[in-house]
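coords27.txt, holding compact mmCIF, C-alpha atoms:
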```txt
# COMPACT_ATOMS: atom_id res chain seq x y z
CA MET A 1 90.44 105.29 132.97
CA SER A 2 87.93 103.96 130.44
CA ARG A 3 84.31 103.72 131.59
CA LEU A 4 82.05 101.03 130.16
CA GLN A 5 78.99 102.59 128.51
CA LEU A 6 75.82 100.49 128.65
CA THR A 7 74.07 102.40 125.86
CA THR A 8 75.06 102.30 122.17
CA PRO A 9 77.22 104.74 120.18
CA ARG A 10 74.35 105.53 117.82
CA ALA A 11 72.03 106.37 120.70
CA ASP A 12 74.72 108.64 122.17
CA GLY A 13 75.37 110.48 118.89
CA PHE A 14 78.62 108.78 117.84
CA ARG A 15 79.65 107.61 114.38
CA ALA A 16 82.51 105.68 112.82
CA PRO A 17 84.69 108.11 110.82
CA GLY A 18 85.95 107.52 107.31
CA ALA A 19 89.46 106.43 106.44
CA ILE A 20 90.72 109.83 105.30
CA GLU A 21 89.71 111.82 108.38
CA PRO A 22 92.49 113.16 110.66
CA LYS A 23 93.91 111.19 113.57
CA ARG A 24 96.60 111.64 116.17
CA ARG A 25 98.18 108.27 116.99
CA CYS A 26 98.79 104.81 115.54
CA TRP A 27 98.95 101.58 117.53
CA MET A 28 100.77 98.38 116.56
CA ILE A 29 101.57 95.01 118.17
CA TRP A 30 105.05 93.50 117.97
CA PRO A 31 105.19 90.04 116.28
CA GLU A 32 106.60 87.03 118.11
CA ARG A 33 104.16 84.10 117.96
CA PRO A 34 106.33 81.12 116.88
CA ASP A 35 103.59 79.16 115.07
CA GLU A 36 102.67 82.27 113.05
CA TRP A 37 106.06 83.86 112.46
CA PRO A 38 108.92 81.53 111.41
CA PHE A 39 112.61 81.88 112.27
CA GLY A 40 111.89 83.18 115.76
CA ALA A 41 109.88 86.05 114.24
CA ARG A 42 113.15 87.87 113.51
CA PRO A 43 112.33 88.65 109.85
CA ALA A 44 108.87 89.87 110.87
CA GLN A 45 110.30 92.02 113.63
CA ARG A 46 112.74 93.68 111.25
CA ALA A 47 109.88 94.36 108.84
CA TYR A 48 107.64 95.75 111.57
CA ALA A 49 110.47 97.97 112.80
CA ARG A 50 110.91 99.43 109.30
CA VAL A 51 107.16 100.00 108.92
CA ALA A 52 106.84 101.60 112.37
CA THR A 53 109.85 103.83 111.76
CA ALA A 54 108.35 105.07 108.49
CA ILE A 55 104.97 105.79 110.08
CA ALA A 56 106.59 107.57 113.03
CA THR A 57 108.08 110.19 110.73
CA SER A 58 104.59 111.71 110.42
CA ASP A 59 102.42 110.10 113.12
CA ALA A 60 102.81 109.41 116.82
CA LEU A 61 103.05 105.65 117.26
CA THR A 62 102.78 103.17 120.12
CA MET A 63 104.17 99.64 119.79
CA CYS A 64 102.70 97.08 122.21
CA VAL A 65 105.06 94.25 123.15
CA SER A 66 105.09 91.32 125.55
CA ALA A 67 107.34 91.42 128.61
CA ARG A 68 109.77 88.96 127.07
CA GLN A 69 110.10 91.07 123.90
CA PHE A 70 110.24 94.51 125.50
CA LYS A 71 114.04 94.85 125.55
CA ASN A 72 114.39 93.54 122.00
CA ALA A 73 111.68 95.81 120.58
CA ARG A 74 113.01 98.86 122.40
CA ALA A 75 116.45 98.26 120.92
CA MET A 76 115.09 97.84 117.38
CA LEU A 77 112.80 100.87 117.38
CA PRO A 78 113.75 104.57 117.32
CA PRO A 79 113.28 106.64 120.50
CA ASN A 80 110.33 108.62 119.11
CA ILE A 81 108.21 105.42 119.14
CA ARG A 82 106.53 104.64 122.44
CA VAL A 83 107.08 101.00 123.43
CA LEU A 84 104.46 99.71 125.84
CA GLU A 85 104.31 96.35 127.58
CA MET A 86 100.98 94.63 126.85
CA SER A 87 100.15 90.92 126.78
CA ASN A 88 98.88 89.71 123.40
CA ASP A 89 98.43 86.57 121.31
CA ASP A 90 99.38 87.84 117.84
CA ALA A 91 100.41 90.99 115.99
CA TRP A 92 97.27 92.40 114.32
CA MET A 93 96.19 95.51 116.18
CA ARG A 94 93.81 96.50 113.40
CA ASP A 95 91.73 93.39 114.07
CA VAL A 96 91.92 93.19 117.86
CA GLY A 97 92.10 96.88 118.78
CA PRO A 98 89.12 99.22 119.22
CA ASN A 99 87.18 101.01 116.52
CA PHE A 100 87.36 104.69 117.46
CA ILE A 101 84.15 106.66 117.08
CA VAL A 102 83.43 110.39 117.33
CA ASN A 103 80.62 112.66 118.43
CA ASP A 104 80.59 115.57 115.99
CA ALA A 105 78.60 117.80 118.33
CA THR A 106 81.00 117.52 121.29
CA GLY A 107 84.25 116.37 119.67
CA GLU A 108 84.41 113.48 122.14
CA VAL A 109 86.06 110.23 121.05
CA ARG A 110 85.14 106.78 122.39
CA GLY A 111 85.88 103.22 121.33
CA VAL A 112 84.02 100.07 120.31
CA ASP A 113 85.36 96.83 121.76
CA TRP A 114 84.26 93.89 119.58
CA ILE A 115 84.29 90.30 120.79
CA PHE A 116 87.41 88.71 119.31
CA ARG A 117 87.46 84.98 118.51
CA SER A 118 90.68 84.60 116.53
CA TRP A 119 89.19 84.98 113.04
CA GLY A 120 86.75 82.16 113.64
CA GLY A 121 89.07 80.15 115.88
CA ILE A 122 92.16 79.67 113.69
CA TYR A 123 94.44 79.70 116.73
CA SER A 124 94.25 79.36 120.50
CA PRO A 125 94.57 80.91 123.01
CA TYR A 126 93.21 84.31 122.03
CA ASP A 127 92.00 85.66 125.38
CA CYS A 128 94.85 88.20 125.58
CA ASP A 129 93.93 89.60 122.16
CA ASP A 130 90.30 89.90 123.26
CA GLN A 131 91.46 92.24 126.05
CA VAL A 132 93.64 94.50 123.88
CA ALA A 133 90.89 96.94 122.86
CA ARG A 134 89.92 97.53 126.48
CA LYS A 135 93.55 98.13 127.46
CA VAL A 136 94.13 100.59 124.63
CA LEU A 137 91.03 102.55 125.62
CA ASP A 138 92.13 102.53 129.26
CA ILE A 139 95.50 103.98 128.29
CA GLU A 140 93.89 106.60 126.06
CA GLU A 141 91.29 107.32 128.79
CA LEU A 142 88.42 106.90 126.34
CA ASP A 143 85.05 105.43 127.26
CA ARG A 144 84.24 102.00 125.87
CA TYR A 145 81.27 100.15 124.37
CA ARG A 146 81.40 96.35 124.43
CA ALA A 147 79.65 95.21 121.27
CA PRO A 148 77.46 92.07 121.46
CA MET A 149 78.97 90.42 118.38
CA VAL A 150 82.20 88.96 117.03
CA ALA A 151 84.07 91.19 114.58
CA GLU A 152 87.51 92.41 113.57
CA GLY A 153 88.51 95.83 112.30
CA GLY A 154 89.61 94.41 108.95
CA ALA A 155 86.05 93.19 108.33
CA LEU A 156 84.58 96.71 108.54
CA GLN A 157 84.87 99.61 106.13
CA CYS A 158 82.98 102.87 106.80
CA ASP A 159 82.82 106.01 104.67
CA GLY A 160 82.25 108.35 107.62
CA GLN A 161 78.87 109.43 106.29
CA GLY A 162 76.68 106.54 107.31
CA THR A 163 77.62 103.68 104.97
CA LEU A 164 79.39 100.45 105.92
CA ILE A 165 80.61 97.74 103.56
CA THR A 166 81.44 94.24 104.77
CA THR A 167 81.09 90.63 103.60
CA ARG A 168 78.62 87.91 104.40
CA GLN A 169 81.43 85.37 104.21
CA CYS A 170 83.04 86.95 107.26
CA LEU A 171 80.50 88.43 109.68
CA LEU A 172 77.66 86.01 108.88
CA ASN A 173 79.97 83.01 109.02
CA ALA A 174 78.97 80.29 111.50
CA ASN A 175 82.39 80.64 113.11
CA ARG A 176 81.53 84.22 114.15
CA LYS A 177 77.74 84.42 114.55
CA VAL A 178 77.84 82.85 118.05
CA GLY A 179 74.07 82.63 118.48
CA ASN A 180 73.17 85.90 116.75
CA THR A 181 70.82 86.01 113.78
CA ASP A 182 71.70 87.83 110.56
CA SER A 183 69.33 90.67 111.44
CA GLN A 184 70.79 91.00 114.96
CA ILE A 185 74.29 91.29 113.52
CA GLU A 186 73.24 93.98 111.07
CA GLN A 187 71.46 95.91 113.81
CA ALA A 188 74.56 95.72 116.03
CA LEU A 189 76.66 97.17 113.19
CA VAL A 190 74.18 100.02 112.82
CA ASP A 191 74.06 100.68 116.56
CA TYR A 192 77.78 100.40 117.34
CA LEU A 193 79.19 102.17 114.27
CA GLY A 194 76.44 104.76 113.94
CA VAL A 195 75.79 103.93 110.30
CA GLU A 196 72.55 104.15 108.33
CA LYS A 197 73.26 101.64 105.57
CA VAL A 198 75.08 98.30 105.49
CA ILE A 199 76.17 96.99 102.09
CA TRP A 200 76.68 93.24 102.27
CA LEU A 201 79.11 91.91 99.68
CA PRO A 202 79.02 88.15 99.13
CA ARG A 203 82.65 87.27 99.91
CA GLY A 204 86.20 88.50 100.17
CA CYS A 205 89.41 87.64 98.36
CA PRO A 206 90.49 84.00 97.91
CA PHE A 207 93.35 82.53 99.96
CA ASP A 208 92.51 84.84 102.87
CA THR A 209 92.66 83.07 106.23
CA THR A 210 90.39 85.72 107.78
CA ASP A 211 87.36 84.31 105.93
CA GLY A 212 86.56 87.31 103.81
CA HIS A 213 87.85 90.53 105.37
CA ILE A 214 86.68 93.49 103.33
CA ASP A 215 90.02 95.32 103.44
CA ASP A 216 91.62 92.84 101.03
CA LEU A 217 88.85 93.49 98.53
CA ALA A 218 87.39 97.00 98.70
CA VAL A 219 87.88 100.18 100.71
CA PHE A 220 86.46 103.69 100.68
CA ALA A 221 88.71 106.33 99.14
CA ARG A 222 86.09 108.92 99.99
CA PRO A 223 82.33 108.77 100.57
CA GLY A 224 80.67 107.02 97.65
CA VAL A 225 83.93 105.92 96.02
CA VAL A 226 85.33 102.43 96.58
CA LEU A 227 88.72 101.09 95.46
CA LEU A 228 88.20 97.52 94.26
CA THR A 229 90.81 94.80 93.81
CA TRP A 230 90.65 93.83 90.12
CA THR A 231 92.19 91.32 87.74
CA LEU A 232 91.89 90.58 84.02
CA ASP A 233 93.17 87.04 84.49
CA LYS A 234 90.15 84.75 84.02
CA SER A 235 92.06 81.82 85.51
CA ASP A 236 92.48 83.68 88.80
CA PRO A 237 89.77 83.05 91.45
CA GLN A 238 89.79 86.79 92.08
CA TYR A 239 88.36 87.41 88.59
CA GLU A 240 84.88 86.15 89.47
CA ILE A 241 84.90 87.69 92.96
CA SER A 242 85.84 91.16 91.72
CA ARG A 243 83.06 91.16 89.13
CA GLU A 244 80.60 89.83 91.67
CA THR A 245 81.56 92.70 93.98
CA LEU A 246 81.23 95.29 91.22
CA THR A 247 77.72 94.05 90.45
CA SER A 248 76.80 94.22 94.15
CA CYS A 249 78.03 97.83 94.40
CA ARG A 250 76.31 99.17 91.29
CA GLY A 251 73.47 101.49 92.11
CA ARG A 252 74.37 101.49 95.80
CA LEU A 253 77.42 103.75 95.71
CA THR A 254 77.70 107.19 94.10
CA PRO A 255 79.81 108.11 92.17
CA GLY A 256 80.97 104.49 92.14
CA VAL A 257 83.87 102.04 91.99
CA VAL A 258 87.49 102.46 90.91
CA ARG A 259 89.11 99.21 89.75
CA LEU A 260 92.72 98.69 90.85
CA PRO A 261 94.50 95.83 89.04
CA PHE A 262 96.80 93.52 90.94
CA THR A 263 99.04 90.56 90.20
CA ARG A 264 99.18 87.27 92.05
CA SER A 265 102.36 85.38 92.71
CA ARG A 266 101.87 81.64 92.16
CA SER A 267 104.80 80.54 94.27
CA LEU A 268 105.19 82.88 97.21
CA THR A 269 107.43 81.60 100.00
CA ARG A 270 108.70 82.80 103.33
CA SER A 271 111.23 85.00 101.60
CA SER A 272 108.81 86.58 99.12
CA GLY A 273 107.32 90.05 99.27
CA PRO A 274 104.58 91.35 101.60
CA ARG A 275 100.89 90.97 101.07
CA ARG A 276 99.37 94.43 101.02
CA LYS A 277 95.89 95.37 102.11
CA LEU A 278 93.87 98.07 100.40
CA ARG A 279 93.86 101.02 102.76
CA PRO A 280 94.66 104.72 102.24
CA TRP A 281 97.67 106.12 104.07
CA THR A 282 99.96 109.14 104.38
CA SER A 283 103.26 107.57 105.31
CA SER A 284 105.66 106.16 102.76
CA THR A 285 104.58 102.65 103.75
CA ALA A 286 101.51 101.01 105.22
CA SER A 287 101.13 98.81 108.25
CA PRO A 288 99.03 96.61 110.54
CA VAL A 289 98.20 99.37 112.98
CA ALA A 290 95.37 100.80 115.02
CA SER A 291 94.70 104.49 114.81
CA ARG A 292 93.88 106.65 117.82
CA ALA A 293 91.36 109.26 116.77
CA SER A 294 91.93 112.90 117.67
CA ALA A 295 89.44 114.70 119.88
CA SER A 296 90.60 118.07 118.58
CA GLN A 297 90.01 117.09 114.95
CA GLN A 298 87.63 114.80 113.16
CA PRO A 299 89.24 111.44 113.93
CA THR A 300 89.91 108.62 111.62
CA SER A 301 88.20 105.32 112.02
CA THR A 302 90.18 102.16 112.44
CA TYR A 303 90.46 101.77 108.69
CA THR A 304 93.65 102.18 106.62
CA LEU A 305 96.00 100.63 104.14
CA ALA A 306 97.84 98.02 106.20
CA THR A 307 100.49 95.50 105.25
CA ARG A 308 100.23 91.76 105.78
CA LEU A 309 103.79 90.56 106.11
CA SER A 310 103.58 87.28 104.22
CA SER A 311 107.31 87.38 103.72
CA CYS A 312 107.65 86.22 107.30
CA ARG A 313 104.92 83.57 107.27
CA PRO A 314 104.93 79.88 106.33
CA THR A 315 104.79 78.90 102.67
CA ARG A 316 101.34 79.44 101.14
CA THR A 317 99.76 81.15 98.17
CA ARG A 318 99.39 84.86 98.84
CA THR A 319 98.04 87.89 97.02
CA THR A 320 100.39 90.73 96.14
CA LEU A 321 99.36 94.12 94.81
CA PRO A 322 101.32 96.39 92.48
CA VAL A 323 103.90 98.85 93.70
CA LEU A 324 102.67 101.19 96.41
CA ARG A 325 103.32 104.23 94.23
CA ARG A 326 100.44 103.24 91.95
CA PHE A 327 98.06 103.14 94.89
CA ARG A 328 99.28 106.44 96.30
CA THR A 329 98.71 108.10 92.92
CA ALA A 330 95.27 106.54 92.48
CA PHE A 331 94.24 107.53 95.97
CA ARG A 332 95.39 111.13 95.56
CA ILE A 333 93.33 111.42 92.40
CA ILE A 334 90.24 109.97 94.07
CA ALA A 335 90.56 111.71 97.41
CA SER A 336 91.18 115.11 95.81
CA SER A 337 92.14 117.61 98.50
CA ALA A 338 91.38 115.30 101.43
CA SER A 339 94.31 114.11 103.55
CA PRO A 340 94.67 110.31 103.56
CA VAL A 341 95.85 108.75 106.78
CA VAL A 342 97.35 105.57 108.15
CA GLU A 343 94.71 103.74 110.10
CA THR A 344 93.94 100.67 112.05
CA PHE A 345 94.39 97.05 111.52
```
How would this structure read if it were set down as structure tokens?
Amino acid sequence: MSRLQLTTPRADGFRAPGAIEPKRRCWMIWPERPDEWPFGARPAQRAYARVATAIATSDALTMCVSARQFKNARAMLPPNIRVLEMSNDDAWMRDVGPNFIVNDATGEVRGVDWIFRSWGGIYSPYDCDDQVARKVLDIEELDRYRAPMVAEGGALQCDGQGTLITTRQCLLNANRKVGNTDSQIEQALVDYLGVEKVIWLPRGCPFDTTDGHIDDLAVFARPGVVLLTWTLDKSDPQYEISRETLTSCRGRLTPGVVRLPFTRSRSLTRSSGPRRKLRPWTSSTASPVASRASASQQPTSTYTLATRLSSCRPTRTRTTLPVLRRFRTAFRIIASSASPVVETF
């Protein structure tokens, strides 16, 4: 079982790994919430099944499902995917699952369990989602740290060598601070992710209901190199944000920032394509997953290129990125000989 540690990861010699470090298992949650996924969540479930099947060709994968969806999910997923009954409120394991951390001296892996408040309270209830990280760590038999702050995995991006990037819009938002000061939040990030430096970017991408998650905007391809969402369209709200982010990163990251252009659909609907998040991956697709770090190798953090499945959501303006092949090529160039991995959502 998972033991609750009353110290901090940093004090115990643990760090948050970078996105391209090896890992051994991915975790996902099966979609079903009717007010989030239209048409009985059937389109979303078909999409998740395709994503999970693609990931499972190269990575062990566990799909968490509610009791009422267990039979359906088991029938839709191939036998090499482990289907596990687990109560939940929505389908974003990357945000509600644990951040895996590693001790380089011993090879031990543990997990950070953040307080989850439904992205600032955008839906209720969310108490089942707040328990998911603890349950995953129990199943993996990894010790747990309960962090004293509200956060989601998609708000955190570590390079594995002591640097974290995040946004003020998200973690310093009044809907997440819950009594903590700005300095207390930064110190908690340092203590629970084992980082030395926190780079605060002003805000995330527009039209993002998470209030500024970093993984829409910028992710580490390798230490010192960030992939940045970019547009040349001055009429797009992203234009100003991308340049603001580039200015914030200059002089603080070496060798620097790689700009990745994207296009925005002005009339996305339930039947339109998926919204993709910037995260490196190995499989032929990307997904909203949580990655289980490997104790026998340097583990990955909970950071990867995941997919927001806007095609299955209510009508709203959404961001779409270019074809995945462009990102795979760009990432291979940047990451050099390192092996990119699918990671957590």
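Nearest residue to Lys71 of chain A, choosing from A:Ala41, A:Trp30, A:Trp200, A:Gln184 and counting all atoms listed in the file: A:Trp30.
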task: Write out as a PyMOL selection string each polymer residue whose atoms come within 9 Å of Leu4 of chain A, counting all atoms listed in the file; drop sequence neighbours fewer than 4 positions from it.
output: chain A and resi 143-146
Those residues you just picked out, can you put them in a file as a PDB file, in the coordinates of the input with C-alpha atoms?
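What landed in again.pdb:
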```pdb
ATOM      1  CA  ASP A 143      85.050 105.430 127.260  1.00  0.00           C
ATOM      2  CA  ARG A 144      84.240 102.000 125.870  1.00  0.00           C
ATOM      3  CA  TYR A 145      81.270 100.150 124.370  1.00  0.00           C
ATOM      4  CA  ARG A 146      81.400  96.350 124.430  1.00  0.00           C
TER       5      ARG A 146
END
```
Counting only C-alpha atoms, the residue of A:Thr166, A:Thr229, A:Ser124, A:Gln238 that sits nearest Glu36 of chain A: A:Ser124
task: Find the residue from A:Tyr123, A:Trp114, A:Phe207, A:Tyr48 that sits nearest to Phe100 of chain A; use only C-alpha atoms when measuring.
output: A:Trp114
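With all atoms listed in the file as the basis for measurement, A:Ala91 is the residue among A:Pro79, A:Ala91, A:Cys128, A:Pro17 that approaches Glu32 of chain A most closely.
Here atom CA of Val96 of chain A stands at a distance of 17.5 Å from atom CA of Val178 of chain A.
Omitting Ser66 of chain A and its sequence neighbours fewer than 5 positions away, and counting all atoms listed in the file, the residues within 7 Å are Glu85, Met86, Ser87 and Asn88 of chain A.
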message: Measuring between all atoms listed in the file, which one of A:Pro31, A:Pro43, A:Gly111, A:Gly251 shows the shortest distance to Ser2 of chain A?
response: A:Gly111
- prompt: What is the atom CA of Arg42 of chain A to atom CA of Pro125 of chain A distance in Å?
  reply: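 That distance, rounded to one decimal, is 22.0 Å.
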query: atom CA of Val132 of chain A and atom CA of Met149 of chain A are how many Å apart?
result: 16.2 Å
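Minimum atom-to-atom distance to Glu140 of chain A, evaluated using only C-alpha atoms, belongs to A:Trp27 out of A:Val102, A:Trp27, A:Gly179, A:Gly224.
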- prompt: Which residues come within 12 Å of Glu244 of chain A, counting only C-alpha atoms, excluding same-chain residues fewer than 5 positions away, as an MDAnalysis selection string?
  reply: chainID A and resid 167 200:205 217 228:230 237:239 249:250
